[in-house]
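Data file: my_file-v1.cif. Format and content: mmCIF, C-alpha atoms.
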```
data_structure
loop_
_atom_site.label_atom_id
_atom_site.label_comp_id
_atom_site.auth_asym_id
_atom_site.auth_seq_id
_atom_site.Cartn_x
_atom_site.Cartn_y
_atom_site.Cartn_z
CA MET A 53 13.21 11.80 2.93
CA ASN A 54 10.54 9.18 3.55
CA ASP A 55 7.07 10.67 3.67
CA ILE A 56 5.27 7.90 1.77
CA ARG A 57 2.03 7.20 3.58
CA THR A 58 -0.63 4.64 2.77
CA ASP A 59 -2.79 5.41 5.79
CA TRP A 60 -4.46 8.59 4.55
CA THR A 61 -7.98 9.15 5.84
CA ARG A 62 -10.77 10.67 3.80
CA GLU A 63 -10.93 13.50 6.31
CA GLU A 64 -7.24 14.36 5.75
CA ILE A 65 -7.66 14.30 1.98
CA ALA A 66 -10.77 16.49 2.22
CA VAL A 67 -8.74 19.02 4.23
CA LEU A 68 -6.16 19.11 1.42
CA PHE A 69 -8.88 19.79 -1.16
CA ASP A 70 -10.18 22.64 1.00
CA LEU A 71 -6.82 24.41 1.38
CA PRO A 72 -6.44 27.89 -0.10
CA PHE A 73 -5.44 27.30 -3.72
CA THR A 74 -1.99 28.89 -3.47
CA GLU A 75 -1.17 26.96 -0.29
CA LEU A 76 -2.29 23.70 -1.91
CA LEU A 77 -0.05 24.32 -4.93
CA PHE A 78 2.87 25.20 -2.66
CA GLN A 79 2.51 21.92 -0.74
CA ALA A 80 2.11 19.95 -3.98
CA ALA A 81 5.16 21.59 -5.58
CA THR A 82 7.19 20.85 -2.44
CA ALA A 83 6.16 17.18 -2.50
CA HIS A 84 6.96 17.03 -6.21
CA ARG A 85 10.48 18.38 -5.77
CA ALA A 86 11.25 15.81 -3.09
CA TYR A 87 11.19 13.00 -5.66
CA HIS A 88 11.16 14.52 -9.16
CA LYS A 89 12.92 17.16 -11.22
CA PRO A 90 10.44 20.04 -11.51
CA ASP A 91 11.39 20.93 -15.09
CA GLU A 92 11.11 17.44 -16.59
CA VAL A 93 7.97 15.85 -18.00
CA GLN A 94 7.69 12.30 -19.29
CA LEU A 95 6.44 12.01 -22.88
CA CYS A 96 4.19 9.03 -23.59
CA THR A 97 2.40 7.84 -26.71
CA LEU A 98 -0.88 5.91 -26.66
CA LEU A 99 -1.97 3.60 -29.48
CA SER A 100 -5.26 1.74 -29.79
CA ILE A 101 -4.24 -1.76 -30.86
CA LYS A 102 -7.81 -3.08 -30.81
CA THR A 103 -10.63 -0.56 -31.13
CA GLY A 104 -14.35 -0.76 -30.33
CA GLY A 105 -16.71 -3.61 -29.61
CA CYS A 106 -16.11 -3.69 -25.85
CA PRO A 107 -19.00 -5.38 -23.97
CA GLU A 108 -18.57 -3.14 -20.90
CA ASP A 109 -21.08 -0.30 -20.45
CA CYS A 110 -18.68 2.39 -19.16
CA GLY A 111 -20.76 5.54 -19.54
CA TYR A 112 -17.85 7.68 -20.75
CA CYS A 113 -16.47 5.31 -23.39
CA SER A 114 -17.06 5.61 -27.13
CA GLN A 115 -15.72 2.07 -27.65
CA SER A 116 -18.53 0.37 -25.72
CA VAL A 117 -21.08 -1.66 -27.68
CA HIS A 118 -23.68 0.21 -25.61
CA ALA A 119 -22.60 3.54 -27.14
CA ASP A 120 -23.90 4.98 -30.40
CA SER A 121 -20.70 6.88 -31.11
CA GLY A 122 -19.88 5.64 -34.61
CA VAL A 123 -16.71 3.84 -33.49
CA GLU A 124 -16.37 0.62 -35.47
CA ALA A 125 -14.97 -2.52 -33.91
CA THR A 126 -11.63 -3.75 -35.24
CA LYS A 127 -9.50 -6.81 -34.70
CA LEU A 128 -6.18 -6.80 -32.85
CA MET A 129 -3.58 -4.98 -34.93
CA ASP A 130 -0.83 -6.91 -36.63
CA VAL A 131 2.31 -7.10 -34.52
CA ARG A 132 4.39 -5.38 -37.22
CA GLN A 133 1.97 -2.43 -37.39
CA VAL A 134 2.17 -1.93 -33.64
CA LEU A 135 5.98 -2.03 -33.67
CA GLN A 136 6.04 0.46 -36.53
CA GLY A 137 3.90 2.80 -34.43
CA ALA A 138 6.25 2.36 -31.50
CA ALA A 139 9.27 3.21 -33.66
CA GLN A 140 7.58 6.38 -34.88
CA ALA A 141 6.74 7.36 -31.29
CA LYS A 142 10.33 6.84 -30.21
CA ASP A 143 11.57 8.98 -33.12
CA ALA A 144 9.19 11.72 -31.92
CA GLY A 145 10.73 11.65 -28.45
CA SER A 146 8.40 9.42 -26.44
CA GLN A 147 9.90 7.42 -23.60
CA ARG A 148 6.85 5.25 -22.90
CA PHE A 149 4.65 3.46 -25.43
CA CYS A 150 1.17 2.69 -24.13
CA MET A 151 -1.15 0.28 -25.93
CA GLY A 152 -4.87 -0.12 -25.34
CA ALA A 153 -7.29 -2.83 -26.43
CA ALA A 154 -11.06 -2.47 -26.05
CA TRP A 155 -11.68 -5.73 -24.24
CA ARG A 156 -13.43 -6.68 -21.03
CA ASN A 157 -10.49 -9.04 -20.66
CA PRO A 158 -8.04 -10.57 -23.14
CA LYS A 159 -8.67 -14.11 -24.31
CA ASP A 160 -5.90 -16.66 -23.91
CA ARG A 161 -5.67 -16.89 -27.71
CA ASP A 162 -4.69 -13.20 -27.82
CA MET A 163 -1.80 -13.53 -25.39
CA PRO A 164 0.94 -14.83 -27.75
CA ALA A 165 0.60 -11.77 -30.01
CA ILE A 166 0.45 -9.45 -26.98
CA VAL A 167 3.61 -11.03 -25.58
CA GLU A 168 5.37 -10.59 -28.93
CA ILE A 169 4.37 -6.93 -29.03
CA VAL A 170 5.69 -6.28 -25.51
CA LYS A 171 9.02 -7.92 -26.31
CA GLY A 172 9.33 -5.98 -29.58
CA VAL A 173 8.69 -2.58 -28.00
CA ARG A 174 11.02 -3.34 -25.10
CA ASP A 175 13.76 -4.25 -27.59
CA MET A 176 13.51 -0.68 -28.91
CA GLY A 177 14.50 0.63 -25.48
CA MET A 178 11.09 2.10 -24.65
CA GLU A 179 9.00 1.65 -21.53
CA THR A 180 5.95 -0.46 -22.23
CA CYS A 181 2.44 -0.05 -20.86
CA MET A 182 -0.73 -1.94 -21.76
CA THR A 183 -4.39 -1.66 -20.87
CA LEU A 184 -6.34 -4.74 -21.90
CA GLY A 185 -9.11 -4.90 -19.31
CA MET A 186 -9.23 -7.36 -16.45
CA LEU A 187 -6.37 -9.85 -16.10
CA THR A 188 -6.14 -13.28 -14.54
CA PRO A 189 -3.07 -14.07 -12.42
CA LYS A 190 -1.76 -16.29 -15.23
CA GLN A 191 -2.09 -13.54 -17.83
CA ALA A 192 -0.38 -11.02 -15.55
CA ASP A 193 2.50 -13.45 -15.08
CA MET A 194 2.80 -13.89 -18.87
CA LEU A 195 3.04 -10.14 -19.37
CA ALA A 196 5.61 -9.87 -16.59
CA GLU A 197 7.70 -12.61 -18.16
CA ALA A 198 7.55 -10.74 -21.50
CA GLY A 199 8.98 -7.67 -19.77
CA LEU A 200 5.92 -5.41 -19.54
CA ASP A 201 6.84 -2.38 -17.45
CA TYR A 202 3.40 -0.96 -16.59
CA TYR A 203 -0.20 -2.15 -16.70
CA ASN A 204 -2.97 0.44 -16.77
CA HIS A 205 -6.30 -0.30 -15.14
CA ASN A 206 -8.08 2.83 -13.93
CA ILE A 207 -10.44 2.82 -10.97
CA ASP A 208 -12.24 5.75 -12.67
CA SER A 209 -13.84 7.36 -9.62
CA SER A 210 -14.76 6.79 -5.99
CA PRO A 211 -16.23 3.43 -4.95
CA GLU A 212 -19.54 5.22 -4.33
CA TYR A 213 -19.74 6.89 -7.75
CA TYR A 214 -18.33 3.96 -9.70
CA GLU A 215 -21.63 2.11 -10.01
CA LYS A 216 -23.23 5.24 -11.50
CA ALA A 217 -20.77 5.16 -14.39
CA ILE A 218 -20.42 1.40 -14.94
CA SER A 219 -22.71 -1.54 -14.19
CA THR A 220 -21.01 -4.46 -15.97
CA ARG A 221 -18.27 -4.80 -13.35
CA LYS A 222 -17.59 -3.68 -9.83
CA MET A 223 -14.83 -1.62 -8.25
CA GLU A 224 -13.65 -4.83 -6.56
CA ASP A 225 -13.01 -6.34 -10.01
CA ARG A 226 -10.73 -3.41 -10.82
CA LEU A 227 -8.87 -3.76 -7.55
CA ASP A 228 -8.47 -7.51 -8.06
CA THR A 229 -6.76 -6.89 -11.41
CA LEU A 230 -4.49 -4.28 -9.83
CA GLN A 231 -3.50 -6.85 -7.21
CA ASN A 232 -2.82 -9.47 -9.89
CA VAL A 233 -0.61 -6.96 -11.68
CA ARG A 234 1.20 -6.04 -8.46
CA ASP A 235 1.71 -9.69 -7.51
CA SER A 236 3.29 -10.41 -10.90
CA GLY A 237 5.91 -7.68 -10.40
CA ILE A 238 4.57 -5.29 -13.06
CA ASN A 239 4.36 -1.58 -12.21
CA VAL A 240 0.80 -0.36 -11.66
CA CYS A 241 -0.73 2.51 -13.63
CA SER A 242 -4.13 3.53 -12.27
CA GLY A 243 -6.06 6.77 -12.15
CA GLY A 244 -9.46 8.09 -13.06
CA ILE A 245 -11.71 10.60 -14.76
CA ILE A 246 -12.75 13.97 -13.38
CA GLY A 247 -15.91 15.72 -14.55
CA MET A 248 -18.36 12.83 -14.89
CA GLY A 249 -20.86 14.63 -12.68
CA GLU A 250 -19.24 13.42 -9.48
CA THR A 251 -19.00 15.53 -6.33
CA ARG A 252 -15.95 16.85 -4.45
CA GLU A 253 -16.58 14.02 -1.98
CA ASP A 254 -16.24 11.53 -4.85
CA ARG A 255 -12.94 13.08 -5.87
CA VAL A 256 -11.78 12.67 -2.28
CA GLY A 257 -12.84 9.01 -2.43
CA PHE A 258 -11.06 8.50 -5.74
CA VAL A 259 -7.72 9.78 -4.39
CA HIS A 260 -8.23 7.95 -1.10
CA THR A 261 -8.70 4.60 -2.85
CA LEU A 262 -5.38 4.91 -4.68
CA ALA A 263 -3.43 6.55 -1.86
CA THR A 264 -4.35 3.79 0.60
CA LEU A 265 -3.33 0.85 -1.58
CA GLU A 266 -0.57 -1.21 0.03
CA GLN A 267 1.76 0.31 -2.56
CA HIS A 268 0.90 3.44 -4.53
CA PRO A 269 0.54 3.12 -8.31
CA GLU A 270 3.81 4.05 -9.99
CA SER A 271 1.75 6.02 -12.51
CA VAL A 272 -1.49 7.95 -11.84
CA PRO A 273 -3.28 9.33 -14.93
CA VAL A 274 -5.78 12.11 -14.21
CA ASN A 275 -8.28 12.55 -17.04
CA ALA A 276 -10.83 15.28 -17.66
CA LEU A 277 -13.97 13.81 -19.18
CA VAL A 278 -14.25 14.35 -22.91
CA PRO A 279 -18.03 14.10 -23.47
CA VAL A 280 -18.60 12.02 -26.60
CA LYS A 281 -21.97 12.15 -28.33
CA GLY A 282 -23.61 8.76 -28.25
CA THR A 283 -22.13 7.71 -24.93
CA ILE A 284 -24.27 7.61 -21.79
CA LEU A 285 -22.38 10.33 -19.95
CA GLY A 286 -21.66 12.30 -23.10
CA ASP A 287 -25.35 12.67 -23.89
CA MET A 288 -26.25 13.28 -20.25
CA LEU A 289 -23.68 16.01 -19.63
CA ALA A 290 -23.29 17.61 -23.05
CA ASP A 291 -25.78 20.39 -22.43
CA THR A 292 -25.27 20.88 -18.69
CA PRO A 293 -22.83 22.99 -16.66
CA MET A 294 -21.23 19.73 -15.47
CA ALA A 295 -20.03 18.91 -18.96
CA LYS A 296 -16.65 20.51 -18.27
CA ILE A 297 -14.94 20.27 -14.92
CA ASP A 298 -13.92 23.59 -13.37
CA ASP A 299 -10.25 24.19 -14.18
CA ILE A 300 -9.31 25.11 -10.61
CA GLU A 301 -11.03 21.99 -9.26
CA PHE A 302 -9.17 19.85 -11.78
CA VAL A 303 -5.83 21.38 -10.72
CA ARG A 304 -6.79 20.78 -7.08
CA THR A 305 -7.27 17.09 -7.86
CA VAL A 306 -3.85 16.87 -9.51
CA ALA A 307 -2.27 18.61 -6.52
CA VAL A 308 -3.91 16.34 -3.95
CA ALA A 309 -2.85 13.27 -5.95
CA ARG A 310 0.73 14.59 -5.93
CA ILE A 311 0.76 15.26 -2.17
CA THR A 312 -0.71 11.90 -1.22
CA MET A 313 1.32 9.89 -3.74
CA PRO A 314 4.57 11.89 -4.00
CA LYS A 315 6.72 9.29 -5.77
CA SER A 316 4.18 8.44 -8.48
CA MET A 317 4.25 9.83 -11.99
CA VAL A 318 1.09 11.93 -12.24
CA ARG A 319 -0.04 12.05 -15.86
CA LEU A 320 -2.11 14.85 -17.32
CA SER A 321 -4.18 12.74 -19.70
CA ALA A 322 -7.46 13.01 -21.62
CA GLY A 323 -9.10 16.41 -21.91
CA ARG A 324 -5.83 18.32 -22.16
CA GLU A 325 -6.53 19.45 -25.72
CA SER A 326 -9.33 21.70 -24.44
CA MET A 327 -7.33 23.13 -21.52
CA SER A 328 -5.73 26.54 -21.77
CA GLU A 329 -1.97 26.83 -21.55
CA ALA A 330 -2.43 28.54 -18.18
CA THR A 331 -4.42 25.59 -16.81
CA GLN A 332 -1.82 23.12 -18.06
CA ALA A 333 0.93 25.24 -16.49
CA LEU A 334 -0.91 25.13 -13.16
CA CYS A 335 -1.17 21.34 -13.47
CA PHE A 336 2.60 21.09 -13.96
CA MET A 337 3.11 23.38 -10.97
CA ALA A 338 0.77 21.12 -8.99
CA GLY A 339 2.94 18.09 -9.72
CA ALA A 340 1.83 16.63 -13.05
CA ASN A 341 4.98 15.30 -14.72
CA SER A 342 3.77 13.07 -17.53
CA ILE A 343 1.66 13.70 -20.64
CA PHE A 344 0.49 11.89 -23.74
CA THR A 345 1.91 13.28 -26.97
CA GLY A 346 0.45 13.08 -30.46
CA ASP A 347 -2.92 14.26 -31.77
CA LYS A 348 -5.04 11.29 -30.65
CA LEU A 349 -5.71 9.28 -27.48
CA LEU A 350 -7.35 6.00 -28.51
CA THR A 351 -10.45 7.62 -30.09
CA ALA A 352 -10.29 11.09 -28.46
CA PRO A 353 -8.36 14.14 -29.73
CA ASN A 354 -5.12 15.25 -28.07
CA ALA A 355 -3.08 18.46 -28.06
CA GLY A 356 -0.47 17.41 -30.65
CA ASP A 357 3.33 17.36 -30.72
CA ASP A 358 3.82 20.87 -32.17
CA SER A 359 1.52 22.43 -29.59
CA ASP A 360 3.30 20.59 -26.77
CA ALA A 361 6.75 21.61 -27.99
CA ALA A 362 5.68 25.26 -28.08
CA LEU A 363 4.16 25.03 -24.61
CA PHE A 364 7.26 23.36 -23.16
CA GLU A 365 9.45 26.10 -24.61
CA ARG A 366 7.27 28.81 -23.11
CA LEU A 367 7.28 27.13 -19.69
CA GLY A 368 10.93 26.10 -19.70
CA LEU A 369 10.09 22.41 -19.46
CA LYS A 370 11.93 19.54 -21.11
CA ALA A 371 11.33 15.88 -21.82
CA LEU A 372 12.27 13.47 -19.06
CA GLU A 373 15.56 11.83 -19.84
CA GLY A 374 14.99 8.15 -20.60
CA GLU A 375 16.01 5.67 -17.94
CA GLU A 376 15.71 1.92 -17.66
CA PRO A 377 12.41 1.49 -15.81
CA MET A 378 12.64 0.03 -12.33
CA ARG A 379 10.82 -3.24 -11.90
CA ALA A 380 8.14 -3.17 -9.24
CA GLU A 381 8.72 -5.28 -6.17
CA LYS A 382 6.38 -8.20 -5.78
CA SER A 383 4.18 -7.95 -2.73
CA PRO A 384 5.33 -10.03 0.25
CA ASP A 385 2.45 -12.49 -0.11
CA SER A 386 2.86 -12.82 -3.86
CA ARG A 387 1.31 -15.76 -5.67
CA GLN A 388 4.67 -17.52 -5.74
CA ASN A 389 4.73 -17.58 -1.94
CA ASN A 390 1.06 -18.52 -1.74
CA ILE A 391 1.52 -21.39 -4.17
CA HIS A 392 4.53 -22.59 -2.21
CA GLN A 393 2.58 -22.45 1.04
CA GLU A 394 -0.37 -24.31 -0.46
CA ALA A 395 2.01 -26.96 -1.74
CA LEU A 396 3.43 -27.37 1.76
CA VAL A 397 -0.07 -27.77 3.15
#
```

Produce structure tokens that represent the structure in this file.
Amino acid sequence: MNDIRTDWTREEIAVLFDLPFTELLFQAATAHRAYHKPDEVQLCTLLSIKTGGCPEDCGYCSQSVHADSGVEATKLMDVRQVLQGAAQAKDAGSQRFCMGAAWRNPKDRDMPAIVEIVKGVRDMGMETCMTLGMLTPKQADMLAEAGLDYYNHNIDSSPEYYEKAISTRKMEDRLDTLQNVRDSGINVCSGGIIGMGETREDRVGFVHTLATLEQHPESVPVNALVPVKGTILGDMLADTPMAKIDDIEFVRTVAVARITMPKSMVRLSAGRESMSEATQALCFMAGANSIFTGDKLLTAPNAGDDSDAALFERLGLKALEGEEPMRAEKSPDSRQNNIHQEALV
């Protein structure tokens, strides 16, 4: 079965969003079963390896220097501390260990420690994922050489809404980093945040941007905004009806992401701790097949291992059996080819 399309139009995606809810879930569940086992969910753990002090002004982020959220800036964690956290995550059943650093972009002086961390986690037999901000082609190549499996760099929202949430960089900067990651041969992890005050049209644009990339992200995290006091969006939305996205609309977004990107892992990410079990169950029915475990996501609360285990038992779900992650194929005009062609010229 080969129904992978990268030519979706906004009109087609809008039609999916408008489907009767039960029909949308049926189509999403059908797409899910074509490429994934419906009763398996990937367990991931996220660790903040460098917290706070980020110069970006992302309106949702408590780690921005523009936020008055009480999050204190820290230095990059010691390599041994990170590896200890990875070992604990593996013991708890996680297959993927994700690491985030609150940077606009990593400095070259940070890369040796980052490379050492990637190699150490990989040696434990876990999938590795990092989110460090924007990457240069050279930095992406270094991470690929170290064996990094996934790089996360979310597009956050539609191109039109993006500038309302962030002013210190453009959507094009995000897409450039995703291309650098893809060219290096690292799997792409990219998603966004629902409930920032955006419209249905923005959610259509968000899915459209990812679903029309030359190659779909291997991992698509879908977050529900967690309004944090002291952040721009947190203060703006805290006392308004927009502060929490409608559950059905959130499930619709998950379902449309699954239909348009059927092979991708769709991760139910931030905001899950405030969702009912019924809403989470609908998300799994709609094609979500990856979650973060533990009681914390960077600086935001998470559902917790005990709660997840109980929910999985009630729903008859089980952890995805660990497999050696497939390496992403480099794009046909990868930098290696470009460099070779320039040398010939």

Exercise for the section: For each of A:Glu373, A:Asp208, A:Asp130, A:Glu75, take the minimum atom-to-atom distance to Val274 in chain A, counting all atoms listed in the file, then give the residue where this is smallest. Expected result: A:Asp208

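Of note, CA of Ala80 in chain A and CA of Arg310 in chain A are spaced 5.9 Å apart.
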
Problem - Thr180 in chain A environment, 6 Å, all atoms listed in the file, sequence neighbours closer than 5 positions dropped, as an MDAnalysis selection string - result: chainID A and resid 148:149 200:201

Let's have the selection written as a compact mmCIF listing (two decimals), in the frame of the given file, with C-alpha atoms.
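Writing done, so here's again.txt:
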```
# COMPACT_ATOMS: atom_id res chain seq x y z
CA ARG A 148 6.85 5.25 -22.90
CA PHE A 149 4.65 3.46 -25.43
CA LEU A 200 5.92 -5.41 -19.54
CA ASP A 201 6.84 -2.38 -17.45
```

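For the residues A:Pro314, A:Leu277, A:Asp358, A:Ser100, ranking by smallest atom-to-atom distance to Ser326 in chain A using all atoms listed in the file places A:Leu277 first.
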
Practice task
Convert the output of the PyMOL selection byres ((chain A and resi 327-330) around 12) on the shown file into explicit residues, formatted as a VMD selection string.
Solution key: chain A and resid 275 to 278 296 to 300 302 to 303 320 to 326 331 to 337 354 to 355 359 to 360 362 to 367

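Candidate residues A:Lys216, A:Lys127, A:Arg85, A:Arg234 were compared for distance to Lys102 in chain A, and the nearest is A:Lys127, using only C-alpha atoms.
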